[in-house]
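Comments concern the structure below.
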Amino acid sequence: MFQVSRTPAARLLGAAALSAAALASVCAAHPAAATAAGPGAPDGDHLTITVRDAGPGFDGTYELSCHPADGDHPDPAGACAVVEGDTRWGRDTFAPVPEGSVCTMQYGGPATAHVTGVWAGRPVDATYDRRDGCEISRWDRMVPLLPDLGGPARSQAPGVRG
């Protein structure tokens with residue numbers, strides 16, 4: 001009869017084989033493959049960004065496609081790069097501020113944004129505002145996908161020294 005060894009080396013080899021199989025399944029389900037899933041599926045990632053109450057030149061609805069970057073967004077390449085740079089396995093790129101977060105009591109203005117579409121093969125339906133420090137930071141992490149409303153360059157009028 002055949003007897004299975006329970007030595008540490010055998011366990012390690014089994015764990016390595018299991019890890020390789022898991023990695024192969026993850027690679028097979030890469031988000032890029034999901035975009036070519038069937039007839040009528042859009043190429044690459046696609047987001048619709050609606051900005052309100054941000055001011056003239058910022059308000060509006062913009063379409064953005066990534067991989068390759070395209071659309072009527074003011075900076076398609078920059079917007080795709082910032083979202084791509086914030087994408088991490090197992091974490092929602094567009095996640096809201098976690099419940100119970102301690103945030104500074106500051107107001108960043110009335111601007112709001114709504115982002116919908118598909119990113120990394122997953123549906124997106126996220127809202128952004130600037131009602132406190134956490135929300136302002138969350139917004140600013142997504143610039144230039146969202147307009148830059150609070151950076152140092154915009155905090156004072158051109159030519160004015162603080």
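Note on naming: chains are A, B, ... as they come in the structure tokens, residues start from 1 per chain, ligands start from 1 in the order shown.
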
Give me the stretch 99-153 of chain A side of the contact with stretch 89-93 of chain A, cut-off 12 Å, one line per residue showing its nearest atom pair and distance in Å at one decimal, counting only C-alpha atoms, sorted by chain and residue number, as a tab-separated table.
residue	atom	partner	partner_atom	distance
A:Val115	CA	A:Thr93	CA	11.6
A:Val118	CA	A:Thr93	CA	11.5
A:Trp119	CA	A:Thr93	CA	8.8
A:Ala120	CA	A:Thr93	CA	9.5
A:Gly121	CA	A:Asp92	CA	11.8
A:Arg122	CA	A:Asp92	CA	9.3
A:Pro123	CA	A:Asp92	CA	10.4
A:Val124	CA	A:Thr93	CA	9.2
A:Asp125	CA	A:Thr93	CA	11.1
A:Ala126	CA	A:Thr93	CA	9.8
A:Arg138	CA	A:Thr93	CA	10.5
A:Arg141	CA	A:Thr93	CA	10.4
A:Met142	CA	A:Thr93	CA	9.7

One residue among A:Asp86, A:Ser137, A:Asp148, A:Arg52 is nearest to A:Ala111 when using only C-alpha atoms, and that residue is A:Arg52

Counting only C-alpha atoms, the option among A:Glu135, A:Glu84, A:Asp59, A:Asp75 closest to A:Pro96
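Comparing A:Glu135, A:Glu84, A:Asp59, A:Asp75 against A:Pro96, the winner is A:Glu135.
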
Min atom-atom distance to A:Pro68 from the set A:His46, A:Gly55, A:Pro98, A:Gly85, counting only C-alpha atoms, belongs to A:His46

For this session: Using backbone DSSP assignments, extract all strand (DSSP E or B) residues from stretch 47-76 of chain A; output them as a PyMOL selection string.
Result: chain A and resi 47-52+60-66+70-71

Please, could you write that set of residues out with N, CA and C atoms as a PDB file, in the first residue's frame?
ATOM      1  N   LEU A  47     -15.846  54.725 -16.880  1.00  0.00           N
ATOM      2  CA  LEU A  47     -16.469  55.439 -15.767  1.00  0.00           C
ATOM      3  C   LEU A  47     -17.186  56.673 -16.287  1.00  0.00           C
ATOM      4  N   THR A  48     -18.287  57.004 -15.618  1.00  0.00           N
ATOM      5  CA  THR A  48     -18.999  58.261 -15.851  1.00  0.00           C
ATOM      6  C   THR A  48     -18.870  59.073 -14.576  1.00  0.00           C
ATOM      7  N   ILE A  49     -18.381  60.297 -14.710  1.00  0.00           N
ATOM      8  CA  ILE A  49     -18.143  61.162 -13.559  1.00  0.00           C
ATOM      9  C   ILE A  49     -19.045  62.380 -13.693  1.00  0.00           C
ATOM     10  N   THR A  50     -19.915  62.606 -12.691  1.00  0.00           N
ATOM     11  CA  THR A  50     -20.788  63.770 -12.679  1.00  0.00           C
ATOM     12  C   THR A  50     -20.374  64.649 -11.502  1.00  0.00           C
ATOM     13  N   VAL A  51     -19.961  65.883 -11.809  1.00  0.00           N
ATOM     14  CA  VAL A  51     -19.502  66.836 -10.795  1.00  0.00           C
ATOM     15  C   VAL A  51     -20.516  67.967 -10.717  1.00  0.00           C
ATOM     16  N   ARG A  52     -20.892  68.314  -9.483  1.00  0.00           N
ATOM     17  CA  ARG A  52     -21.850  69.404  -9.265  1.00  0.00           C
ATOM     18  C   ARG A  52     -21.321  70.361  -8.200  1.00  0.00           C
ATOM     19  N   GLY A  60     -20.162  69.240 -14.524  1.00  0.00           N
ATOM     20  CA  GLY A  60     -20.540  68.566 -15.754  1.00  0.00           C
ATOM     21  C   GLY A  60     -20.447  67.066 -15.597  1.00  0.00           C
ATOM     22  N   THR A  61     -20.774  66.380 -16.671  1.00  0.00           N
ATOM     23  CA  THR A  61     -20.698  64.932 -16.721  1.00  0.00           C
ATOM     24  C   THR A  61     -19.665  64.550 -17.763  1.00  0.00           C
ATOM     25  N   TYR A  62     -18.751  63.684 -17.352  1.00  0.00           N
ATOM     26  CA  TYR A  62     -17.640  63.290 -18.208  1.00  0.00           C
ATOM     27  C   TYR A  62     -17.594  61.781 -18.351  1.00  0.00           C
ATOM     28  N   GLU A  63     -17.265  61.326 -19.538  1.00  0.00           N
ATOM     29  CA  GLU A  63     -17.079  59.902 -19.805  1.00  0.00           C
ATOM     30  C   GLU A  63     -15.587  59.622 -19.857  1.00  0.00           C
ATOM     31  N   LEU A  64     -15.186  58.513 -19.257  1.00  0.00           N
ATOM     32  CA  LEU A  64     -13.784  58.135 -19.219  1.00  0.00           C
ATOM     33  C   LEU A  64     -13.652  56.651 -19.513  1.00  0.00           C
ATOM     34  N   SER A  65     -12.814  56.318 -20.469  1.00  0.00           N
ATOM     35  CA  SER A  65     -12.467  54.928 -20.757  1.00  0.00           C
ATOM     36  C   SER A  65     -10.979  54.770 -20.518  1.00  0.00           C
ATOM     37  N   CYS A  66     -10.592  53.648 -19.954  1.00  0.00           N
ATOM     38  CA  CYS A  66      -9.183  53.376 -19.694  1.00  0.00           C
ATOM     39  C   CYS A  66      -8.781  52.074 -20.366  1.00  0.00           C
ATOM     40  N   ASP A  70      -9.314  57.330 -22.878  1.00  0.00           N
ATOM     41  CA  ASP A  70     -10.092  58.046 -23.889  1.00  0.00           C
ATOM     42  C   ASP A  70     -11.331  58.631 -23.220  1.00  0.00           C
ATOM     43  N   GLY A  71     -12.035  59.471 -23.917  1.00  0.00           N
ATOM     44  CA  GLY A  71     -13.285  60.030 -23.424  1.00  0.00           C
ATOM     45  C   GLY A  71     -13.242  61.547 -23.424  1.00  0.00           C
TER      46      GLY A  71
END

Atom CA of A:Val102 to atom CA of A:Asp140 measures 17.6 Å
